[in-house]
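Here the structure comes first, spelled out in structure tokens, and everything after it is commentary.
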Amino acid sequence: MTQTAVIVFPASNCDRDAVTALEQITGKTPHRVWHRETELPSDVRFVVVPGGFSYGDYLRSGAIAANSPIMKDIKEKAEKGLPVAGICNGFQILTEAQMLPGALMRNVGQKFVCSVEPLRVANSQTRFTKHFDKDQVIDIPVAHHDGNYFADDETLKAVEGNGQVVFRYADNPNGSRNDIAGIINTQGNVLGMMPHPERAVDARHGGTDGINLFKSILESL
Amino acid sequence: MIAHVYVGLKPGVLDPQGRTIARSLNDLGYDEVQDAKQGKVITLTLADSDPELAKARITEMCDRLLANTVIESYRIEIEGAAEVQAETDPEAES
């Protein structure tokens, strides 16, 4: 059974959801790793940087967490190929840590958006999306205030050209450029997305479209 | 030593908060307001040192934490120093 880890920052609030999702899919309880740790446990094969409001979103969403001790180790290991998924605040943290291009800005409508959003799978040939079909529409919850994906023209062109866009909003709720909901790095082992796949793994909670994301990455190990 | 760091969105980056502020000022009758940009000021209290060294160190702080240079530019002002000490050049980056 695959050992995974969920990172916990002060004011993370989706870490338990991520633990529950990973436990359900791997059959093994993930490590919960406190942000002050300097090293991931050696048996970890997949890391989730969860959602929440790390450090109260002080300065910028994700900015303080991106500089916490554990992130240094995660960044080094990701460069060597360790798969990492940043969800919501986790996506903000990964962009702030410069593990993914672009930035997440205040939603264009100024409002916190909390809804189930249809997402179109833009690239089904990644380690995170093999269990989806291209252009398949999946329903995944979003809950964020700073989810408006921005990258300058040049970066956006590169991200699109490399097939790094993984999910797009079918009905853009936050003003993200090119309707971008989730991207991967060029190496293909780091994913960031604003929607919450870990909240879509149990039919009793309204849907299970998130399961295939975790299955895809875990089976790729 | 006191230094003020002004951080704001780069030109060309849509600022929904600034736009909302401008619209609200228009609603109050200030029709001359065409646009507004919102930023933040971070005031640092530093151990006294050579202003040039301080400027270099603060620039590093901006690049590493205080600003996200993907979307933001910054300007550093050291109190008592005659001129503005450093400024990111939005032209060079846009």
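Going by the structure tokens order, chains are called A, B, ..., each with residues numbered from 1, while ligands are numbered from 1 in the order shown.
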- Query: Using only C-alpha atoms, which residues sit within 6 Å of range 79-96 of chain A once same-chain residues fewer than 4 positions away are excluded, as a PyMOL selection string?
  - Reply: chain A and resi 46-52+62-63+66+100-101+103+189-194
Dump of C-alpha atoms for the selected residues, as an mmCIF file, in the first residue's frame:
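Writing the result to result05.cif gives the following:
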data_model
loop_
_atom_site.group_PDB
_atom_site.id
_atom_site.type_symbol
_atom_site.label_atom_id
_atom_site.label_comp_id
_atom_site.auth_asym_id
_atom_site.auth_seq_id
_atom_site.Cartn_x
_atom_site.Cartn_y
_atom_site.Cartn_z
ATOM 1 C CA PHE A 46 2.856 11.316 -2.940
ATOM 2 C CA VAL A 47 2.262 14.632 -1.149
ATOM 3 C CA VAL A 48 -0.885 16.735 -0.873
ATOM 4 C CA VAL A 49 -0.552 20.402 0.069
ATOM 5 C CA PRO A 50 -4.097 20.980 1.288
ATOM 6 C CA GLY A 51 -6.586 23.826 1.228
ATOM 7 C CA GLY A 52 -7.291 26.317 3.961
ATOM 8 C CA GLY A 62 0.114 31.098 0.439
ATOM 9 C CA ALA A 63 3.095 33.455 0.671
ATOM 10 C CA ALA A 66 5.622 28.798 0.788
ATOM 11 C CA LEU A 100 4.194 26.261 -10.641
ATOM 12 C CA PRO A 101 3.973 29.291 -12.963
ATOM 13 C CA ALA A 103 -0.282 33.519 -9.472
ATOM 14 C CA ASN A 189 4.723 15.652 -11.383
ATOM 15 C CA VAL A 190 3.374 18.793 -9.684
ATOM 16 C CA LEU A 191 -0.311 19.676 -9.943
ATOM 17 C CA GLY A 192 -2.072 22.773 -8.652
ATOM 18 C CA MET A 193 -5.810 23.290 -8.792
ATOM 19 C CA MET A 194 -8.324 25.562 -7.074
#
- Message: With 9 Å as the limit and counting only C-alpha atoms, what residues in chain A lie close to chain B? Please list them as a list in words.
- Response: Leu59, Arg60, Ala63, Ile64, Asn67, Glu96, Pro101, Gly102, Ala103, Met105, Arg106, Asn107, Val108, Gly109, Gln110, Phe150, Ala151 and Asp152 of chain A
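The space separating CA of Ala56 in chain B from CA of Lys10 in chain B comes to 21.1 Å.
Picture a line from CA of Arg120 in chain A to CA of Glu160 in chain A; it runs 14.8 Å.
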If you run DSSP over the backbone, which residues in range 81-179 of chain A end up strand (DSSP E or B)? Put them as a CSV table (one decimal) with C-alpha atoms, in the first residue's frame.
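Final file, selection-v7.csv:
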chain,number,residue,atom,x,y,z
A,84,VAL,CA,2.9,16.8,-5.3
A,85,ALA,CA,-0.7,18.1,-5.6
A,86,GLY,CA,-1.6,21.5,-4.2
A,87,ILE,CA,-5.3,22.0,-3.8
A,103,ALA,CA,-0.3,33.5,-9.5
A,104,LEU,CA,-3.7,33.4,-7.9
A,105,MET,CA,-5.4,36.8,-7.5
A,113,VAL,CA,-17.2,31.6,-4.4
A,114,CYS,CA,-18.5,28.4,-2.9
A,115,SER,CA,-20.2,26.1,-5.3
A,116,VAL,CA,-19.9,22.8,-7.3
A,117,GLU,CA,-18.3,23.7,-10.6
A,118,PRO,CA,-18.3,21.8,-13.8
A,119,LEU,CA,-14.7,21.3,-15.0
A,120,ARG,CA,-13.5,20.2,-18.5
A,121,VAL,CA,-10.6,17.9,-18.5
A,137,VAL,CA,-16.9,17.3,-17.7
A,138,ILE,CA,-16.6,16.6,-14.0
A,139,ASP,CA,-18.2,18.2,-11.1
A,140,ILE,CA,-15.9,19.4,-8.3
A,141,PRO,CA,-16.5,21.8,-5.5
A,142,VAL,CA,-14.8,25.2,-5.3
A,143,ALA,CA,-14.5,27.4,-2.2
A,144,HIS,CA,-12.1,30.3,-2.6
A,148,ASN,CA,-8.3,34.1,-10.3
A,149,TYR,CA,-5.4,32.5,-12.2
A,150,PHE,CA,-3.1,35.0,-13.7
A,165,VAL,CA,-3.5,23.2,-18.5
A,166,VAL,CA,-5.2,20.2,-16.9
A,167,PHE,CA,-8.6,21.5,-16.0
A,168,ARG,CA,-10.7,24.4,-17.2
A,169,TYR,CA,-13.9,25.9,-15.7
- Item | All residues 9 Å or closer to range 5-18 of chain A, only C-alpha atoms, same chain fewer than 6 positions away omitted, as an MDAnalysis selection string | chainID A and resid 29:36 40:41 44:56 65 68 70 87 89 196:199
- Item | CA of Phe214 in chain A to CA of Leu22 in chain A, straight-line distance in Å | 7.5 Å
- Looking only at the backbone, which of the residues in chain A does DSSP tag as alpha helix (DSSP H), as an NGL selection string? :A and (15-26 or 69-79 or 89-96 or 153-161 or 211-219)
Since we have the selection now, will you write its residues out, keeping C-alpha atoms, as a PDB file, in the first residue's frame?
ATOM      1  CA  ASP A  15      -6.041  18.539   5.625  1.00  0.00           C
ATOM      2  CA  ARG A  16      -8.477  16.085   7.237  1.00  0.00           C
ATOM      3  CA  ASP A  17     -10.543  15.880   4.042  1.00  0.00           C
ATOM      4  CA  ALA A  18      -7.360  15.086   2.121  1.00  0.00           C
ATOM      5  CA  VAL A  19      -6.358  12.468   4.707  1.00  0.00           C
ATOM      6  CA  THR A  20      -9.800  10.830   4.461  1.00  0.00           C
ATOM      7  CA  ALA A  21      -9.699  10.799   0.658  1.00  0.00           C
ATOM      8  CA  LEU A  22      -6.184   9.326   0.509  1.00  0.00           C
ATOM      9  CA  GLU A  23      -7.037   6.770   3.188  1.00  0.00           C
ATOM     10  CA  GLN A  24     -10.110   5.672   1.248  1.00  0.00           C
ATOM     11  CA  ILE A  25      -8.145   5.246  -1.964  1.00  0.00           C
ATOM     12  CA  THR A  26      -4.823   3.858  -0.693  1.00  0.00           C
ATOM     13  CA  PRO A  69      10.727  24.682   6.469  1.00  0.00           C
ATOM     14  CA  ILE A  70       8.905  21.651   5.028  1.00  0.00           C
ATOM     15  CA  MET A  71       8.386  23.380   1.678  1.00  0.00           C
ATOM     16  CA  LYS A  72      12.142  23.471   1.064  1.00  0.00           C
ATOM     17  CA  ASP A  73      12.281  19.676   1.273  1.00  0.00           C
ATOM     18  CA  ILE A  74       9.111  19.248  -0.805  1.00  0.00           C
ATOM     19  CA  LYS A  75      10.546  21.503  -3.502  1.00  0.00           C
ATOM     20  CA  GLU A  76      13.833  19.600  -3.619  1.00  0.00           C
ATOM     21  CA  LYS A  77      12.088  16.216  -3.757  1.00  0.00           C
ATOM     22  CA  ALA A  78       9.590  17.427  -6.392  1.00  0.00           C
ATOM     23  CA  GLU A  79      12.521  18.472  -8.564  1.00  0.00           C
ATOM     24  CA  ASN A  89      -4.620  27.185  -0.782  1.00  0.00           C
ATOM     25  CA  GLY A  90      -2.148  24.432  -1.698  1.00  0.00           C
ATOM     26  CA  PHE A  91      -2.172  25.697  -5.304  1.00  0.00           C
ATOM     27  CA  GLN A  92      -1.541  29.228  -4.036  1.00  0.00           C
ATOM     28  CA  ILE A  93       1.357  27.910  -1.931  1.00  0.00           C
ATOM     29  CA  LEU A  94       2.916  26.057  -4.895  1.00  0.00           C
ATOM     30  CA  THR A  95       2.794  29.157  -7.108  1.00  0.00           C
ATOM     31  CA  GLU A  96       4.270  31.276  -4.297  1.00  0.00           C
ATOM     32  CA  ASP A 153       0.998  36.560 -21.978  1.00  0.00           C
ATOM     33  CA  GLU A 154       4.346  34.903 -22.496  1.00  0.00           C
ATOM     34  CA  THR A 155       3.952  32.501 -19.568  1.00  0.00           C
ATOM     35  CA  LEU A 156       0.376  31.716 -20.559  1.00  0.00           C
ATOM     36  CA  LYS A 157       1.468  30.891 -24.087  1.00  0.00           C
ATOM     37  CA  ALA A 158       4.110  28.512 -22.766  1.00  0.00           C
ATOM     38  CA  VAL A 159       1.708  26.882 -20.292  1.00  0.00           C
ATOM     39  CA  GLU A 160      -0.861  26.331 -23.043  1.00  0.00           C
ATOM     40  CA  GLY A 161       1.739  25.212 -25.585  1.00  0.00           C
ATOM     41  CA  ILE A 211     -11.662   9.813  -7.068  1.00  0.00           C
ATOM     42  CA  ASN A 212     -10.185   9.319 -10.529  1.00  0.00           C
ATOM     43  CA  LEU A 213      -7.648  12.070  -9.960  1.00  0.00           C
ATOM     44  CA  PHE A 214      -6.205  10.328  -6.905  1.00  0.00           C
ATOM     45  CA  LYS A 215      -6.436   6.932  -8.617  1.00  0.00           C
ATOM     46  CA  SER A 216      -4.547   8.277 -11.632  1.00  0.00           C
ATOM     47  CA  ILE A 217      -1.600   9.640  -9.688  1.00  0.00           C
ATOM     48  CA  LEU A 218      -1.420   6.751  -7.218  1.00  0.00           C
ATOM     49  CA  GLU A 219      -1.449   4.139  -9.984  1.00  0.00           C
TER      50      GLU A 219
END
- Item | Close residues, Thr59 in chain B itself excluded, 12 Å, only C-alpha atoms, min 5 positions apart in chain, as a ChimeraX atom specification | /B:3-7,51-54,64-67,69,73-78,85-88
Residues of the last selection are to be written out with N, CA and C atoms, as a short mmCIF file (atom, residue, chain, number, x, y, z; two decimals), in the first residue's frame.
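Everything below was put into selection27.cif:
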data_model
loop_
_atom_site.label_atom_id
_atom_site.label_comp_id
_atom_site.auth_asym_id
_atom_site.auth_seq_id
_atom_site.Cartn_x
_atom_site.Cartn_y
_atom_site.Cartn_z
N ALA B 3 12.21 51.77 7.12
CA ALA B 3 12.06 51.70 5.66
C ALA B 3 10.60 51.38 5.32
N HIS B 4 10.10 52.03 4.29
CA HIS B 4 8.75 51.76 3.82
C HIS B 4 8.83 51.04 2.48
N VAL B 5 8.11 49.94 2.39
CA VAL B 5 8.07 49.19 1.13
C VAL B 5 6.66 49.32 0.57
N TYR B 6 6.54 49.88 -0.61
CA TYR B 6 5.24 50.03 -1.26
C TYR B 6 5.10 48.91 -2.29
N VAL B 7 4.05 48.11 -2.14
CA VAL B 7 3.83 46.99 -3.06
C VAL B 7 2.50 47.19 -3.77
N PRO B 51 22.86 52.73 4.35
CA PRO B 51 21.64 52.74 3.54
C PRO B 51 21.75 51.91 2.25
N GLU B 52 22.91 51.91 1.65
CA GLU B 52 23.08 51.14 0.41
C GLU B 52 22.95 49.64 0.68
N LEU B 53 23.56 49.22 1.80
CA LEU B 53 23.47 47.81 2.19
C LEU B 53 22.02 47.47 2.53
N ALA B 54 21.40 48.40 3.29
CA ALA B 54 20.00 48.18 3.69
C ALA B 54 19.12 48.04 2.45
N ARG B 64 12.08 37.87 -2.30
CA ARG B 64 11.88 36.55 -1.68
C ARG B 64 10.53 36.40 -0.99
N LEU B 65 9.97 37.51 -0.48
CA LEU B 65 8.75 37.37 0.30
C LEU B 65 7.74 38.52 0.16
N LEU B 66 8.22 39.75 0.25
CA LEU B 66 7.27 40.87 0.42
C LEU B 66 6.42 41.13 -0.82
N ALA B 67 6.97 40.84 -2.00
CA ALA B 67 6.19 41.03 -3.23
C ALA B 67 6.18 39.73 -4.02
N THR B 69 6.56 38.92 -7.57
CA THR B 69 6.94 39.68 -8.77
C THR B 69 6.28 39.17 -10.05
N SER B 73 4.82 44.93 -8.39
CA SER B 73 6.09 45.65 -8.38
C SER B 73 6.20 46.34 -7.02
N TYR B 74 7.39 46.82 -6.69
CA TYR B 74 7.58 47.43 -5.37
C TYR B 74 8.52 48.61 -5.45
N ARG B 75 8.44 49.44 -4.42
CA ARG B 75 9.28 50.62 -4.31
C ARG B 75 9.72 50.71 -2.86
N ILE B 76 10.99 51.03 -2.65
CA ILE B 76 11.54 51.08 -1.28
C ILE B 76 11.92 52.51 -0.95
N GLU B 77 11.51 52.95 0.23
CA GLU B 77 11.87 54.28 0.70
C GLU B 77 12.49 54.14 2.07
N ILE B 78 13.68 54.68 2.24
CA ILE B 78 14.31 54.64 3.57
C ILE B 78 14.18 56.02 4.19
N GLN B 85 14.92 55.02 -2.83
CA GLN B 85 16.12 54.19 -2.86
C GLN B 85 16.15 53.12 -3.93
N ALA B 86 15.01 52.61 -4.23
CA ALA B 86 15.02 51.54 -5.24
C ALA B 86 13.63 51.40 -5.80
N GLU B 87 13.57 50.99 -6.99
CA GLU B 87 12.25 50.82 -7.60
C GLU B 87 12.36 49.73 -8.65
N THR B 88 11.37 48.85 -8.65
CA THR B 88 11.36 47.88 -9.75
C THR B 88 10.86 48.64 -10.96
#
